[in-house]
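*Asks:* Okay, handing you the structure first.
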Amino acid sequence: MSTMLHLINKSPFDRNALDSCLRLAKAGSSVLLIEDGVYAALSKAESAKAVGNRMDDLTFYVLGPDVSARGLDDKPLIDGFTVVDYGGFVDLVVEHDVAQSWL
Amino acid sequence: MEPWEEEEGPEVVKRFMYVNRRAPYGTIYALECLEVVLIAAAFDQDVSVVFVDDGIYQLKKDQDTTGIGMKNFSKTYRALDDYDVEKIYVEKESLDQRGLTADDLIIAVEVVAAQNLRGIMAQQDVVISS
């Protein structure tokens with residue numbers, strides 16, 4: 001069975017891309033938050049609960065340069081998130097069979 | 001007097017409000033609105049700037065854009081004071097929803113509950129939202 005990498009680049013407060021992804025991503029898939037999607041990685045944001053509900057069966061990543069750009073280095077991320085750089089982004093794309101961008 | 005010449009009269013000062021609702025960097029709206037505010041401030045009008053929804057992320061301190069190759073314009077918000085833009089409001093509900101407080105912001109602002117922001121918004125002559 002193929003593995004899928006889900007890419008989210010929209011704020012969870014502005015669009016429902018993350019909600020749709022969390023509803024439709026199959027167990028064992030990976031989710032990478034980039035650009036304005038990184039706001040969903042913050043543990044104290046109201047969006048954290050929906051992410052937490054899929055923490056056990058999905059693997060979550062967040063793009064570090066986008067976290068730093070938005071001044072979020074001092075804010076705690078949800079437990080279980082892995083921070084990756086652009087090289088790690090490429091690795092994730094290569095490791096998964098399919099990459100889906102939730103635009 | 002030629003038709004294109006205006007009579008000297010008392011200056012008309014209008015109340016302008018700029019409503020920021022977008023996060024920085026993901027789209028160009030935040031940067032463009034900041035530039036509009038700074039330009040408009042030169043015209044001696046009554047200017048207020050409001051940050052609601054994802055707009056509050058524009059003011060998050062410690063932004064470092066070296067990794068994404070974009071200009072960090074967050075320090076430009078400090079220039080609002082130099083342009084005598086002193087009415088800067090942030091909606092409390094938007095901060096709470098995102099787990100942020102006034103201490104997380106790069107400039108001093110007035111944190112206002114939505115219930116009170118309604119009244120301030122209703123007093124404006126012109127409201128520009130982005």
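Following the order of the structure tokens, chains are lettered A, B, ..., residues in each are numbered from 1, and ligands are numbered from 1.
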As a count of residues only, please: the residues near Ile39 of chain B (cut-off 12 Å, only C-alpha atoms, same-chain neighbours under 4 positions excluded).

*Replies:* 12

*Asks:* Please identify the alpha helix (DSSP H) residues within chain A (assignment by DSSP from backbone atoms) and present them as a PyMOL selection string.

*Replies:* chain A and resi 17-24+48-52+64-69+86-95

*Asks:* List every residue of segment 41-78 of chain A that DSSP, applied to the backbone of this structure, places in strand (DSSP E or B), and write the result as a list of chain:residue names.

*Replies:*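 The strand (DSSP E or B) residues within segment 41-78 of chain A come out as A:Leu42, A:Thr59, A:Phe60, A:Tyr61, A:Val62, A:Leu63, A:Leu77.
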
*Asks:* How would the residues just picked look written out with N, CA and C atoms as an mmCIF file, in the first residue's frame?

*Replies:*
data_model
loop_
_atom_site.group_PDB
_atom_site.id
_atom_site.type_symbol
_atom_site.label_atom_id
_atom_site.label_comp_id
_atom_site.auth_asym_id
_atom_site.auth_seq_id
_atom_site.Cartn_x
_atom_site.Cartn_y
_atom_site.Cartn_z
ATOM 1 N N LEU A 42 1.206 24.990 17.150
ATOM 2 C CA LEU A 42 1.321 25.588 18.488
ATOM 3 C C LEU A 42 0.396 24.891 19.484
ATOM 4 N N THR A 59 1.682 10.901 11.601
ATOM 5 C CA THR A 59 2.979 11.442 12.017
ATOM 6 C C THR A 59 3.058 12.895 11.560
ATOM 7 N N PHE A 60 3.352 13.793 12.514
ATOM 8 C CA PHE A 60 3.310 15.231 12.212
ATOM 9 C C PHE A 60 4.702 15.847 12.134
ATOM 10 N N TYR A 61 4.892 16.672 11.112
ATOM 11 C CA TYR A 61 6.136 17.421 10.918
ATOM 12 C C TYR A 61 5.787 18.896 10.695
ATOM 13 N N VAL A 62 6.749 19.773 11.023
ATOM 14 C CA VAL A 62 6.555 21.207 10.767
ATOM 15 C C VAL A 62 7.869 21.767 10.235
ATOM 16 N N LEU A 63 7.764 22.695 9.277
ATOM 17 C CA LEU A 63 8.956 23.237 8.621
ATOM 18 C C LEU A 63 9.570 24.364 9.476
ATOM 19 N N LEU A 77 5.477 23.777 20.914
ATOM 20 C CA LEU A 77 4.755 23.026 19.883
ATOM 21 C C LEU A 77 4.029 21.857 20.536
#

*Asks:* Determine which residues of chain B sit within 8 Å of chain A, taking into account only C-alpha atoms, and present them as a PDB file with N, CA and C atoms, in the first residue's frame.

*Replies:*
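What follows is the written file selection.pdb:
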ATOM      1  N   ALA B  23      -2.326  36.774   8.184  1.00  0.00           N
ATOM      2  CA  ALA B  23      -0.993  36.458   8.694  1.00  0.00           C
ATOM      3  C   ALA B  23       0.061  37.026   7.729  1.00  0.00           C
ATOM      4  N   PRO B  24       1.276  37.319   8.255  1.00  0.00           N
ATOM      5  CA  PRO B  24       2.324  37.820   7.370  1.00  0.00           C
ATOM      6  C   PRO B  24       2.926  36.690   6.529  1.00  0.00           C
ATOM      7  N   TYR B  25       3.600  37.022   5.449  1.00  0.00           N
ATOM      8  CA  TYR B  25       4.422  36.105   4.629  1.00  0.00           C
ATOM      9  C   TYR B  25       3.639  35.118   3.766  1.00  0.00           C
ATOM     10  N   GLY B  26       2.566  34.525   4.260  1.00  0.00           N
ATOM     11  CA  GLY B  26       1.811  33.566   3.443  1.00  0.00           C
ATOM     12  C   GLY B  26       1.154  34.245   2.256  1.00  0.00           C
ATOM     13  N   ASP B  53      -8.240  38.437  14.104  1.00  0.00           N
ATOM     14  CA  ASP B  53      -8.039  37.135  13.458  1.00  0.00           C
ATOM     15  C   ASP B  53      -6.542  36.870  13.241  1.00  0.00           C
ATOM     16  N   ASP B  54      -6.157  36.308  12.091  1.00  0.00           N
ATOM     17  CA  ASP B  54      -4.741  36.008  11.863  1.00  0.00           C
ATOM     18  C   ASP B  54      -3.885  37.264  11.733  1.00  0.00           C
ATOM     19  N   TYR B  57      -0.950  37.879  14.129  1.00  0.00           N
ATOM     20  CA  TYR B  57       0.346  37.234  13.905  1.00  0.00           C
ATOM     21  C   TYR B  57       1.360  38.196  13.283  1.00  0.00           C
ATOM     22  N   LYS B  60       3.683  39.465  16.005  1.00  0.00           N
ATOM     23  CA  LYS B  60       4.457  38.537  16.857  1.00  0.00           C
ATOM     24  C   LYS B  60       5.926  38.961  16.861  1.00  0.00           C
ATOM     25  N   LYS B  61       6.491  39.080  18.080  1.00  0.00           N
ATOM     26  CA  LYS B  61       7.893  39.505  18.159  1.00  0.00           C
ATOM     27  C   LYS B  61       8.835  38.360  17.782  1.00  0.00           C
ATOM     28  N   ASP B  62      10.112  38.694  17.608  1.00  0.00           N
ATOM     29  CA  ASP B  62      11.182  37.733  17.313  1.00  0.00           C
ATOM     30  C   ASP B  62      11.025  37.017  15.967  1.00  0.00           C
ATOM     31  N   GLN B  63      10.422  37.670  14.994  1.00  0.00           N
ATOM     32  CA  GLN B  63      10.359  37.060  13.661  1.00  0.00           C
ATOM     33  C   GLN B  63      11.758  37.048  13.046  1.00  0.00           C
ATOM     34  N   ASP B  64      12.112  35.925  12.418  1.00  0.00           N
ATOM     35  CA  ASP B  64      13.431  35.775  11.794  1.00  0.00           C
ATOM     36  C   ASP B  64      13.249  35.082  10.450  1.00  0.00           C
ATOM     37  N   THR B  65      13.306  35.869   9.389  1.00  0.00           N
ATOM     38  CA  THR B  65      12.966  35.338   8.063  1.00  0.00           C
ATOM     39  C   THR B  65      14.188  34.899   7.261  1.00  0.00           C
ATOM     40  N   THR B  66      15.345  34.817   7.900  1.00  0.00           N
ATOM     41  CA  THR B  66      16.546  34.450   7.133  1.00  0.00           C
ATOM     42  C   THR B  66      16.373  33.095   6.437  1.00  0.00           C
ATOM     43  N   GLY B  67      15.646  32.182   7.080  1.00  0.00           N
ATOM     44  CA  GLY B  67      15.492  30.842   6.518  1.00  0.00           C
ATOM     45  C   GLY B  67      14.552  30.754   5.340  1.00  0.00           C
ATOM     46  N   ILE B  68      13.680  31.755   5.142  1.00  0.00           N
ATOM     47  CA  ILE B  68      12.712  31.650   4.047  1.00  0.00           C
ATOM     48  C   ILE B  68      12.991  32.651   2.925  1.00  0.00           C
ATOM     49  N   ASN B  72      11.945  40.603   6.420  1.00  0.00           N
ATOM     50  CA  ASN B  72      11.265  40.682   7.712  1.00  0.00           C
ATOM     51  C   ASN B  72      10.777  42.116   7.896  1.00  0.00           C
ATOM     52  N   GLN B  97      -7.711  32.991  21.254  1.00  0.00           N
ATOM     53  CA  GLN B  97      -7.913  31.828  20.395  1.00  0.00           C
ATOM     54  C   GLN B  97      -6.583  31.228  19.935  1.00  0.00           C
ATOM     55  N   ARG B  98      -5.574  32.102  19.776  1.00  0.00           N
ATOM     56  CA  ARG B  98      -4.275  31.654  19.266  1.00  0.00           C
ATOM     57  C   ARG B  98      -3.260  31.410  20.373  1.00  0.00           C
ATOM     58  N   GLY B  99      -3.665  31.549  21.635  1.00  0.00           N
ATOM     59  CA  GLY B  99      -2.763  31.298  22.753  1.00  0.00           C
ATOM     60  C   GLY B  99      -1.678  32.344  22.898  1.00  0.00           C
TER      61      GLY B  99
END

*Asks:* Given only C-alpha atoms as the basis, pick out the residue of A:Met55, A:Leu7, A:Leu103, A:Ile78 nearest to Leu33 of chain A.

*Replies:*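 Of the candidates, the smallest distance to Leu33 of chain A is held by A:Leu7.
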